[in-house]
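Below is one structure; the comments refer to it alone.
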4 protein chains.
Amino acid sequence: MRVRTVEGEGVDRVNAISDGVFAIVLTLLVLQFEVPDVPAADLWPALRAMRPLVVSYLLTFSVVGLYWVVHHNLFDRVVRHDRVLLYLNLLFLLTVSFLPFPTELVGVYGTRLAWTLYAVNFAVIGLLMTCIWAYAARRAFLAAEVGERTARLVTLRSLISPAVFLVSIAVSLVNLDAAYLTPLLIVPLQALWVRRYGRPSRP
Amino acid sequence: MRVRTVEGEGVDRVNAISDGVFAIVLTLLVLQFEVPDVPAADLWPALRAMRPLVVSYLLTFSVVGLYWVVHHNLFDRVVRHDRVLLYLNLLFLLTVSFLPFPTELVGVYGTRLAWTLYAVNFAVIGLLMTCIWAYAARRAFLAAEVGERTARLVTLRSLISPAVFLVSIAVSLVNLDAAYLTPLLIVPLQALWVRRYGRPSRP
Amino acid sequence: MRVRTVEGEGVDRVNAISDGVFAIVLTLLVLQFEVPDVPAADLWPALRAMRPLVVSYLLTFSVVGLYWVVHHNLFDRVVRHDRVLLYLNLLFLLTVSFLPFPTELVGVYGTRLAWTLYAVNFAVIGLLMTCIWAYAARRAFLAAEVGERTARLVTLRSLISPAVFLVSIAVSLVNLDAAYLTPLLIVPLQALWVRRYGRPSRP
Amino acid sequence: MRVRTVEGEGVDRVNAISDGVFAIVLTLLVLQFEVPDVPAADLWPALRAMRPLVVSYLLTFSVVGLYWVVHHNLFDRVVRHDRVLLYLNLLFLLTVSFLPFPTELVGVYGTRLAWTLYAVNFAVIGLLMTCIWAYAARRAFLAAEVGERTARLVTLRSLISPAVFLVSIAVSLVNLDAAYLTPLLIVPLQALWVRRYGRPSRP
C-alpha cells in the first residue's frame with residue numbers, strides 16, 4: 001500500500017496564505033514613509049519632497065492589486081491541486097513578497113537600475129502567474145466550465161502585464177520618465193482583451 | 001465563444017484580503033511606540049511624554065475599528081461582485097493601509113497640517129465605502145432582503161463619518177484641540193440614525 | 001420600514017480579524033530582536049546578553065497563545081453577534097495588539113514599572129475576554145448546548161489569568177524576580193479548574 | 001454536570017492562525033533588506049554586497065514554504081483537535097515566527113555559530129511537526145482513510161528535514177560552505193520517499 005501524496009481537492013489554504021501575503025505586502029508598503037524629523041514649520045516641504053515615494057507607492061499598490069484580482073480570478077476556477085501547484089504558488093508569493101524592496105529602491109534612487117530591478121520583479125510575478133494557469137490547465141485542475149479555448153485566451157491575457165514591464169525596461173534606456181508611465185498601458189490592453197474576448201457573465 | 005470575466009458569486013476572498021489589511025493596520029499602529037532610550041529612573045516621564053501618540057493611537061484604532069464594523073456590515077449583504085467592485089474595494093484598502101503614516105504625523109507633530117492630512121485620509125476612506133455600497137446597490141449585487149429604501153438609508157449613514165472628519169478640518173482652523181474631539185460626534189450621530197431608522201433584527 | 005442593524009448570524013469575520021491580529025502580534029514579537037552590530041568573535045556574548053528579551057518574548061508568546069486558545073474556545077460556542085459584541089471584540093484586539101510595546105519595555109528595562117504596565121495590559125485583556133463571554137451569555141448568543149451553569153463556570157475560569165497578573169503586581173512590590181514567575185501559576189490553576197469542572201468531550 | 005473542554009471538531013481556526021503566521025514570516029523576511037544609503041552611482045556594488053542576505057533569504061523562504069506544504073498536507077487529514085494539539089501547534093508557530101532572527105544572523109555574520117542557531121531552529125520546527133502528527137495519530141484525530149502504516153510512513157518522512165539540518169551542523173564543523181548546501185539534500189530524499197511509498201492519488 002502506498003501513501004497518497006499532497007494532491008487533493010480545493011484550494012482554500014492556497015487562497016488563505018496568498019491573501020495573507022498580498023494583504024501584508026499591500027500594508028507594508030506604507031512603512032517606507034518615515035515621519036520626517038524637521039521643525040513643525042518645515043513639515044509641508046518635507047512631505048512634498050516625498051513625492052517620488054508616493055508615486056512608487058501608488059504604482060506598486062495598483063499593480064499588486066491588479067495581480068491580486070488576477071490571482072482571485074484564476075484560482076476561482078481551479079478546483080484541485082497537487083504538490084507542484086503548491087510550490088509554483090509559493091514561488092509566485094516569493095516574488096510578490098520581495099516587492100517592497102525594489103519599490104523603495106525606485107522611490108529613493110529613481111535610477112534606471114532601480115527601475116530595471118522593479119520591472120523585472122513585476123515581469124517575473126506575471127510570468128509565474130501564467131505558469132500557474134498553464135500548469136493547472138494542462139493537469140485538468142480547472143473547473144469543467146472552462147474550455148480549452150478559454151484557457152488559452154486567459155493565458156494570453158496574463159502575458160499582457162509582464163510584456164508591458166519588459167517593454168518599460170527598453171523604454172527606460174531611452175527615457176526614464178516615460179518608463180514610469182509605461183505600466184499604464186496595461187489598462188487599455190486589458191480593456192482591449194476584454195472587449196474582444198470577454199463576455200458578460202449574465203447574458 | 002467569449003470568456004467569462006471576473007464577475008461572480010460571493011465575496012469570500014474580498015472579505016479575506018480586507019480582514020487581512022484591517023488586522024495588519026490595527027496591529028502596525030503599535031510600532032510607532034518606540035521603547036525610550038533613557039535611564040531606568042526616567043522611564044515614567046519618558047512614557048508620559050508619549051501621551052499625544054497614545055491619543056492618536058486610540059483615535060485611529062477606534063475609527064479603523066468602526067470602519068471594519070461598517071465593512072463587515074455592508075459586505076454581509078453583498079452577494080455578488082464584478083471587477084469594478086474588486087477595484088473599488090482595493091482603492092478602499094489603499095486608503096486604509098495608508099493610515100499609519102498620518103496617524104504618526106499627528107502623534108509626532110500635532111499641527112493643523114498633520115490633522116488636515118489625517119482627517120482627509122479618513123474622509124476619503126468613508127467616501128469610498130459609500131461608493132462601494134452605492135455601486136453594489138445600483139448593480140443589484142445586494143441580498144434580496146435589502147430594499148431600495150434601506151439601501152438609501154445605509155448610504156446616508158455611511159456619509160456621517162466622512163462629513164464629521166471634513167467638519168473637523170474646519171474646526172481645526174479655529175481651535176486645534178476641539179478638532180481632536182470632533183470625531184467623537186460620530187457616536188451620537190450614528191446612534192441618532194439607528195434610533196430613527198434602525199429596527200431590532202429579531203422583532 | 002426600519003433598517004436591520006448589524007446583529008446577525010455567525011462570527012466568521014470576527015474570527016478572521018481576530019486570528020489576523022493574533023497571528024501578527026505573535027510574529028511581530030520577534031522584531032524586538034535586533035541583530036547585534038559586533039565583531040563576529042563577540043556574537044555569542046552579544047546573543048547571551050539578550051536573555052531578558054528572550055524571557056519576555058517566551059512569556060508573552062505563551063500568554064498570547066493561551067488567550068488565543070481561550071478566544072478559539074469561547075467563539076466556538078458563540079453563534080450570533082450584535083454591534084456591541086463586535087465592539088467588545090475590537091476593544092479586546094486593541095489590548096492584544098498593544099502587547100509588543102510593554103513586552104519590549106520588560107525586556108529592555110526589566111523594572112517594576114515595566115512589569116506593572118505589562119501585567120496590567122494582560123489583566124485588561126483577560127477581563128475583556130470575560131466581558132465578551134458574559135455579554136454573549138446574557139444576550140443568549142451562545143450555542144444551545146451551553147447551559148447556564150456551564151456559562152458561569154467558564155466565566156469563573158476566564159478570571160484566573162487576570163487575577164494571577166494582578167497578584168503578580170503585588171508580588172513585584174516585594175520581589176521582582178518572583179513576579180516574573182507568578183504567571184506560571186496559571187497552569188496549575190487552570191488544570192485544577194479542568195479537573196474539578198471539565199468533562200471529557202467524548203464520554 | 002461538567003463543562004466540555006476545548007476538544008472539538010475541525011481545525012479551521014488552527015489553519016487560519018497558522019496560515020497567518022506563515023504568511024507574515026514569509027513577508028517579513030524581506031524587511032532585512034535595507035535600501036543602501038550610497039550615491040546613485042554606487043547602488044549596483046552596494047546591491048551586489050547583499051548577496052549573502054539574498055542566499056539566506058531564498059533558503060529560508062524555501063524551507064518555510066516546504067514546511068507550509070507539509071503543514072497543509074498534515075492538517076488536511078486531521079479532523080479533530082484537543083487542547084494539547086492546539087498548544088503543540090502554537091509551539092510549532094513559536095519556532096516558525098522566530099526564524100527571521102537567525103535568518104538575518106546568517107545573512108549578516110555567516111559564521112558557524114549563526115549557522116548552528118539557524119539549523120537548530122529549523123530542526124526544532126521539523127521535530128515539532130513530527131510530534132503534532134504522531135500525537136494526532138495516537139489520539140485518532142486523523143481522517144478514517146489514513147491507515148496505521150500510512151501514519152508511520154508520514155512520520156518517517158517528516159523526520160527527513162530535521163535530520164538533514166542536524167547533519168548540516170556537523171558538516172559546518174568541517175566546511176561552512178558545504179553546510180549551506182546541505183539542506184538541498186531534502187529534495188532528493190523527499191523524492192526518494194515519494195517514489196518508494198507515495199502513490200498517485202487518482203489511480
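For the C-alpha cells, the naming scheme is as follows: chains receive sequential letters (A, B, ...) according to their order of presentation, residues are indexed from 1 within each chain, and ligands are indexed from 1 in presentation order.
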
Close residues, D:Trp193 itself excluded, 10 Å, only C-alpha atoms, min 3 positions apart in chain, as a PyMOL selection string: (chain A and resi 3) or (chain D and resi 153-154+156-157+160+188-190+196-198)

Can you spit out the residues from that selection as a short mmCIF file (atom, residue, chain, number, x, y, z; two decimals), in the first residue's frame, using all heavy atoms?
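The resulting file, selection_22.cif, is shown below:
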```cif
data_model
loop_
_atom_site.label_atom_id
_atom_site.label_comp_id
_atom_site.auth_asym_id
_atom_site.auth_seq_id
_atom_site.Cartn_x
_atom_site.Cartn_y
_atom_site.Cartn_z
N VAL A 3 1.28 5.66 0.04
CA VAL A 3 0.71 6.81 0.73
C VAL A 3 0.27 7.86 -0.29
O VAL A 3 1.05 8.26 -1.16
CB VAL A 3 1.75 7.42 1.69
CG1 VAL A 3 1.17 8.64 2.37
CG2 VAL A 3 2.20 6.39 2.68
N LEU D 153 4.57 5.94 7.98
CA LEU D 153 5.40 6.36 6.86
C LEU D 153 5.50 7.89 6.79
O LEU D 153 6.57 8.45 6.49
CB LEU D 153 4.82 5.82 5.54
CG LEU D 153 4.99 4.32 5.34
CD1 LEU D 153 4.27 3.86 4.09
CD2 LEU D 153 6.48 3.97 5.25
N VAL D 154 4.38 8.57 7.09
CA VAL D 154 4.42 10.04 7.07
C VAL D 154 5.31 10.55 8.20
O VAL D 154 6.04 11.52 8.04
CB VAL D 154 2.98 10.61 7.16
CG1 VAL D 154 3.01 12.11 7.34
CG2 VAL D 154 2.19 10.24 5.92
N LEU D 156 7.91 9.02 9.33
CA LEU D 156 9.26 8.82 8.81
C LEU D 156 9.67 9.98 7.90
O LEU D 156 10.74 10.58 8.06
CB LEU D 156 9.29 7.50 8.03
CG LEU D 156 10.62 7.15 7.34
CD1 LEU D 156 11.69 6.86 8.39
CD2 LEU D 156 10.46 5.96 6.40
N ARG D 157 8.76 10.35 6.96
CA ARG D 157 9.09 11.41 6.02
C ARG D 157 9.34 12.74 6.73
O ARG D 157 10.24 13.50 6.38
CB ARG D 157 7.98 11.60 4.99
CG ARG D 157 8.36 12.66 3.95
CD ARG D 157 7.27 12.87 2.94
NE ARG D 157 6.03 13.24 3.62
CZ ARG D 157 4.85 13.33 3.03
NH1 ARG D 157 4.73 13.05 1.76
NH2 ARG D 157 3.79 13.68 3.72
N ILE D 160 12.87 13.60 7.78
CA ILE D 160 13.93 13.86 6.80
C ILE D 160 14.54 15.24 7.02
O ILE D 160 15.76 15.41 7.18
CB ILE D 160 13.39 13.78 5.34
CG1 ILE D 160 12.97 12.35 5.02
CG2 ILE D 160 14.42 14.30 4.35
CD1 ILE D 160 12.32 12.19 3.64
N PRO D 188 16.19 15.51 -2.91
CA PRO D 188 16.25 14.11 -3.39
C PRO D 188 15.73 13.11 -2.35
O PRO D 188 15.10 12.12 -2.71
CB PRO D 188 17.74 13.89 -3.66
CG PRO D 188 18.45 14.96 -2.91
CD PRO D 188 17.52 16.12 -2.87
N LEU D 189 15.94 13.39 -1.04
CA LEU D 189 15.48 12.44 -0.03
C LEU D 189 13.95 12.36 -0.01
O LEU D 189 13.38 11.28 0.10
CB LEU D 189 16.01 12.84 1.35
CG LEU D 189 17.50 12.53 1.57
CD1 LEU D 189 18.01 13.19 2.85
CD2 LEU D 189 17.73 11.02 1.62
N GLN D 190 13.29 13.53 -0.13
CA GLN D 190 11.83 13.54 -0.20
C GLN D 190 11.36 12.79 -1.46
O GLN D 190 10.41 12.02 -1.41
CB GLN D 190 11.30 14.98 -0.26
CG GLN D 190 11.45 15.74 1.04
CD GLN D 190 10.14 15.81 1.81
OE1 GLN D 190 9.21 15.07 1.54
NE2 GLN D 190 10.09 16.69 2.78
N ARG D 196 9.25 5.65 -3.29
CA ARG D 196 9.15 4.36 -2.64
C ARG D 196 7.77 4.12 -2.05
O ARG D 196 7.22 3.02 -2.17
CB ARG D 196 10.20 4.28 -1.53
CG ARG D 196 10.94 2.94 -1.52
CD ARG D 196 11.95 2.87 -0.42
NE ARG D 196 11.52 1.88 0.55
CZ ARG D 196 11.72 0.58 0.42
NH1 ARG D 196 12.37 0.10 -0.60
NH2 ARG D 196 11.27 -0.25 1.34
N TYR D 197 7.21 5.20 -1.39
CA TYR D 197 5.98 4.97 -0.62
C TYR D 197 4.76 5.71 -1.16
O TYR D 197 3.63 5.38 -0.82
CB TYR D 197 6.18 5.38 0.84
CG TYR D 197 7.29 4.65 1.52
CD1 TYR D 197 8.41 5.33 1.99
CD2 TYR D 197 7.24 3.26 1.69
CE1 TYR D 197 9.44 4.67 2.61
CE2 TYR D 197 8.27 2.59 2.31
CZ TYR D 197 9.37 3.30 2.77
OH TYR D 197 10.38 2.63 3.39
N GLY D 198 4.98 6.77 -1.95
CA GLY D 198 3.84 7.56 -2.41
C GLY D 198 3.09 6.82 -3.51
O GLY D 198 3.64 5.99 -4.22
#
```

Stretch 7-189 of chain B: residues DSSP assigns to strand (DSSP E or B), reported as JSON, numbers by chain: {"B": [8, 9, 78, 80, 81, 142]}

Next, write the just-selected residues to a file, as a PDB file, in the first residue's frame, keeping C-alpha atoms as the atom set.
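Okay, out30.pdb is ready:
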```
ATOM      1  CA  GLY B   8     -19.040  36.050  -9.889  1.00  0.00           C
ATOM      2  CA  GLU B   9     -20.799  34.801  -6.814  1.00  0.00           C
ATOM      3  CA  VAL B  78     -23.314  41.838  -0.828  1.00  0.00           C
ATOM      4  CA  ARG B  80     -22.158  39.080  -5.964  1.00  0.00           C
ATOM      5  CA  HIS B  81     -19.220  41.048  -7.306  1.00  0.00           C
ATOM      6  CA  LEU B 142     -27.170  43.180  -2.678  1.00  0.00           C
TER       7      LEU B 142
END
```

With only C-alpha atoms considered, list every residue of chain A at most 9 Å from chain D, as a PDB file with N, CA and C atoms, in the first residue's frame.
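Saved the output as part-v8.pdb:
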```pdb
ATOM      1  N   MET A   1       0.842  -1.211   0.000  1.00  0.00           N
ATOM      2  CA  MET A   1       0.000   0.000   0.000  1.00  0.00           C
ATOM      3  C   MET A   1       0.868   1.247   0.000  1.00  0.00           C
ATOM      4  N   ARG A   2       0.471   2.206  -0.796  1.00  0.00           N
ATOM      5  CA  ARG A   2       1.267   3.410  -0.923  1.00  0.00           C
ATOM      6  C   ARG A   2       0.533   4.613  -0.325  1.00  0.00           C
ATOM      7  N   VAL A   3       1.275   5.657   0.041  1.00  0.00           N
ATOM      8  CA  VAL A   3       0.714   6.805   0.730  1.00  0.00           C
ATOM      9  C   VAL A   3       0.275   7.865  -0.288  1.00  0.00           C
ATOM     10  N   ARG A   4      -0.957   8.338  -0.146  1.00  0.00           N
ATOM     11  CA  ARG A   4      -1.439   9.417  -1.015  1.00  0.00           C
ATOM     12  C   ARG A   4      -0.569  10.657  -0.828  1.00  0.00           C
ATOM     13  N   THR A   5      -0.032  11.180  -1.907  1.00  0.00           N
ATOM     14  CA  THR A   5       0.737  12.423  -1.767  1.00  0.00           C
ATOM     15  C   THR A   5      -0.208  13.616  -1.752  1.00  0.00           C
ATOM     16  N   VAL A   6       0.366  14.844  -1.828  1.00  0.00           N
ATOM     17  CA  VAL A   6      -0.404  16.013  -1.410  1.00  0.00           C
ATOM     18  C   VAL A   6      -1.544  16.410  -2.343  1.00  0.00           C
ATOM     19  N   GLU A   7      -1.608  15.803  -3.534  1.00  0.00           N
ATOM     20  CA  GLU A   7      -2.691  16.160  -4.452  1.00  0.00           C
ATOM     21  C   GLU A   7      -4.048  16.049  -3.767  1.00  0.00           C
ATOM     22  N   GLY A   8      -4.932  17.000  -4.006  1.00  0.00           N
ATOM     23  CA  GLY A   8      -6.214  16.934  -3.321  1.00  0.00           C
ATOM     24  C   GLY A   8      -7.199  17.947  -3.851  1.00  0.00           C
ATOM     25  N   ARG A  13      -6.658  26.682   1.442  1.00  0.00           N
ATOM     26  CA  ARG A  13      -5.493  27.195   2.154  1.00  0.00           C
ATOM     27  C   ARG A  13      -4.513  27.867   1.209  1.00  0.00           C
ATOM     28  N   VAL A  14      -4.506  27.480  -0.075  1.00  0.00           N
ATOM     29  CA  VAL A  14      -3.703  28.212  -1.060  1.00  0.00           C
ATOM     30  C   VAL A  14      -4.195  29.654  -1.120  1.00  0.00           C
ATOM     31  N   ALA A  16      -5.849  31.170   1.282  1.00  0.00           N
ATOM     32  CA  ALA A  16      -5.637  31.800   2.586  1.00  0.00           C
ATOM     33  C   ALA A  16      -4.223  32.361   2.697  1.00  0.00           C
ATOM     34  N   ILE A  17      -3.202  31.548   2.356  1.00  0.00           N
ATOM     35  CA  ILE A  17      -1.841  32.049   2.513  1.00  0.00           C
ATOM     36  C   ILE A  17      -1.547  33.122   1.459  1.00  0.00           C
ATOM     37  N   SER A  18      -2.150  33.008   0.277  1.00  0.00           N
ATOM     38  CA  SER A  18      -1.920  34.024  -0.753  1.00  0.00           C
ATOM     39  C   SER A  18      -2.561  35.344  -0.334  1.00  0.00           C
ATOM     40  N   ASP A  19      -3.813  35.312   0.136  1.00  0.00           N
ATOM     41  CA  ASP A  19      -4.455  36.545   0.602  1.00  0.00           C
ATOM     42  C   ASP A  19      -3.656  37.160   1.737  1.00  0.00           C
ATOM     43  N   GLY A  20      -3.098  36.303   2.621  1.00  0.00           N
ATOM     44  CA  GLY A  20      -2.274  36.810   3.719  1.00  0.00           C
ATOM     45  C   GLY A  20      -1.064  37.572   3.197  1.00  0.00           C
ATOM     46  N   VAL A  21      -0.322  36.946   2.264  1.00  0.00           N
ATOM     47  CA  VAL A  21       0.878  37.595   1.731  1.00  0.00           C
ATOM     48  C   VAL A  21       0.509  38.881   0.993  1.00  0.00           C
ATOM     49  N   PHE A  22      -0.547  38.833   0.166  1.00  0.00           N
ATOM     50  CA  PHE A  22      -0.981  40.049  -0.539  1.00  0.00           C
ATOM     51  C   PHE A  22      -1.338  41.156   0.457  1.00  0.00           C
ATOM     52  N   ILE A  24      -0.354  41.616   3.497  1.00  0.00           N
ATOM     53  CA  ILE A  24       0.806  42.141   4.216  1.00  0.00           C
ATOM     54  C   ILE A  24       1.650  43.021   3.305  1.00  0.00           C
ATOM     55  N   VAL A  25       1.872  42.566   2.062  1.00  0.00           N
ATOM     56  CA  VAL A  25       2.674  43.380   1.140  1.00  0.00           C
ATOM     57  C   VAL A  25       1.992  44.726   0.912  1.00  0.00           C
ATOM     58  N   LEU A  28       2.552  46.682   4.141  1.00  0.00           N
ATOM     59  CA  LEU A  28       3.948  47.012   4.484  1.00  0.00           C
ATOM     60  C   LEU A  28       4.465  48.179   3.659  1.00  0.00           C
ATOM     61  N   ARG A  83       1.172  18.847  -5.505  1.00  0.00           N
ATOM     62  CA  ARG A  83       2.352  19.428  -4.867  1.00  0.00           C
ATOM     63  C   ARG A  83       3.013  20.489  -5.747  1.00  0.00           C
ATOM     64  N   LEU A  86       1.238  23.813  -5.521  1.00  0.00           N
ATOM     65  CA  LEU A  86       1.548  24.491  -4.256  1.00  0.00           C
ATOM     66  C   LEU A  86       2.897  25.185  -4.340  1.00  0.00           C
ATOM     67  N   TYR A  87       3.907  24.480  -4.923  1.00  0.00           N
ATOM     68  CA  TYR A  87       5.241  25.092  -4.982  1.00  0.00           C
ATOM     69  C   TYR A  87       5.279  26.246  -5.977  1.00  0.00           C
ATOM     70  N   LEU A  90       3.892  29.139  -4.190  1.00  0.00           N
ATOM     71  CA  LEU A  90       4.846  29.687  -3.217  1.00  0.00           C
ATOM     72  C   LEU A  90       5.924  30.513  -3.913  1.00  0.00           C
ATOM     73  N   LEU A  91       6.385  30.036  -5.073  1.00  0.00           N
ATOM     74  CA  LEU A  91       7.382  30.781  -5.846  1.00  0.00           C
ATOM     75  C   LEU A  91       6.791  32.128  -6.252  1.00  0.00           C
ATOM     76  N   LEU A  93       4.443  33.711  -4.612  1.00  0.00           N
ATOM     77  CA  LEU A  93       4.372  34.538  -3.402  1.00  0.00           C
ATOM     78  C   LEU A  93       5.742  35.080  -3.012  1.00  0.00           C
ATOM     79  N   LEU A  94       6.809  34.272  -3.272  1.00  0.00           N
ATOM     80  CA  LEU A  94       8.172  34.755  -3.011  1.00  0.00           C
ATOM     81  C   LEU A  94       8.417  36.053  -3.764  1.00  0.00           C
ATOM     82  N   VAL A  96       6.160  38.090  -5.000  1.00  0.00           N
ATOM     83  CA  VAL A  96       5.270  39.162  -4.537  1.00  0.00           C
ATOM     84  C   VAL A  96       5.811  39.768  -3.241  1.00  0.00           C
ATOM     85  N   SER A  97       6.267  38.900  -2.323  1.00  0.00           N
ATOM     86  CA  SER A  97       6.697  39.403  -1.014  1.00  0.00           C
ATOM     87  C   SER A  97       8.006  40.180  -1.109  1.00  0.00           C
ATOM     88  N   PHE A  98       8.730  40.013  -2.231  1.00  0.00           N
ATOM     89  CA  PHE A  98      10.000  40.723  -2.389  1.00  0.00           C
ATOM     90  C   PHE A  98       9.785  42.176  -2.815  1.00  0.00           C
ATOM     91  N   LEU A  99       8.611  42.466  -3.375  1.00  0.00           N
ATOM     92  CA  LEU A  99       8.323  43.770  -3.986  1.00  0.00           C
ATOM     93  C   LEU A  99       8.642  45.013  -3.143  1.00  0.00           C
ATOM     94  N   PRO A 100       8.384  45.018  -1.799  1.00  0.00           N
ATOM     95  CA  PRO A 100       8.649  46.259  -1.074  1.00  0.00           C
ATOM     96  C   PRO A 100      10.077  46.768  -1.233  1.00  0.00           C
ATOM     97  N   PHE A 101      11.039  45.840  -1.451  1.00  0.00           N
ATOM     98  CA  PHE A 101      12.430  46.278  -1.575  1.00  0.00           C
ATOM     99  C   PHE A 101      12.673  47.077  -2.869  1.00  0.00           C
ATOM    100  N   PRO A 102      12.422  46.504  -4.074  1.00  0.00           N
ATOM    101  CA  PRO A 102      12.604  47.325  -5.288  1.00  0.00           C
ATOM    102  C   PRO A 102      11.699  48.553  -5.329  1.00  0.00           C
ATOM    103  N   GLU A 104      10.952  50.470  -2.803  1.00  0.00           N
ATOM    104  CA  GLU A 104      11.634  51.531  -2.066  1.00  0.00           C
ATOM    105  C   GLU A 104      12.870  52.004  -2.832  1.00  0.00           C
ATOM    106  N   LEU A 105      13.558  51.058  -3.512  1.00  0.00           N
ATOM    107  CA  LEU A 105      14.715  51.459  -4.345  1.00  0.00           C
ATOM    108  C   LEU A 105      14.308  52.494  -5.382  1.00  0.00           C
ATOM    109  N   VAL A 108      13.522  55.834  -3.627  1.00  0.00           N
ATOM    110  CA  VAL A 108      14.659  56.543  -3.040  1.00  0.00           C
ATOM    111  C   VAL A 108      15.663  56.962  -4.119  1.00  0.00           C
ATOM    112  N   TYR A 109      15.991  56.025  -5.061  1.00  0.00           N
ATOM    113  CA  TYR A 109      17.029  56.332  -6.048  1.00  0.00           C
ATOM    114  C   TYR A 109      16.450  56.844  -7.364  1.00  0.00           C
ATOM    115  N   GLY A 110      15.400  56.133  -7.851  1.00  0.00           N
ATOM    116  CA  GLY A 110      14.773  56.569  -9.091  1.00  0.00           C
ATOM    117  C   GLY A 110      15.701  56.535 -10.287  1.00  0.00           C
ATOM    118  N   THR A 111      16.693  55.622 -10.267  1.00  0.00           N
ATOM    119  CA  THR A 111      17.601  55.497 -11.414  1.00  0.00           C
ATOM    120  C   THR A 111      17.125  54.394 -12.343  1.00  0.00           C
ATOM    121  N   LEU A 113      18.732  51.708 -13.075  1.00  0.00           N
ATOM    122  CA  LEU A 113      18.992  50.417 -12.439  1.00  0.00           C
ATOM    123  C   LEU A 113      17.835  50.032 -11.523  1.00  0.00           C
ATOM    124  N   ALA A 114      17.388  50.983 -10.684  1.00  0.00           N
ATOM    125  CA  ALA A 114      16.282  50.697  -9.765  1.00  0.00           C
ATOM    126  C   ALA A 114      15.042  50.298 -10.546  1.00  0.00           C
TER     127      ALA A 114
END
```

Stretch 104-183 of chain A: residues DSSP assigns to helix (DSSP H, G or I), reported as a PyMOL selection string: chain A and resi 104-108+112-138+148-158+160-174+176-183

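Between atom CA of D:Val79 and atom CA of D:Tyr67 the interatomic distance comes to 19.7 Å.
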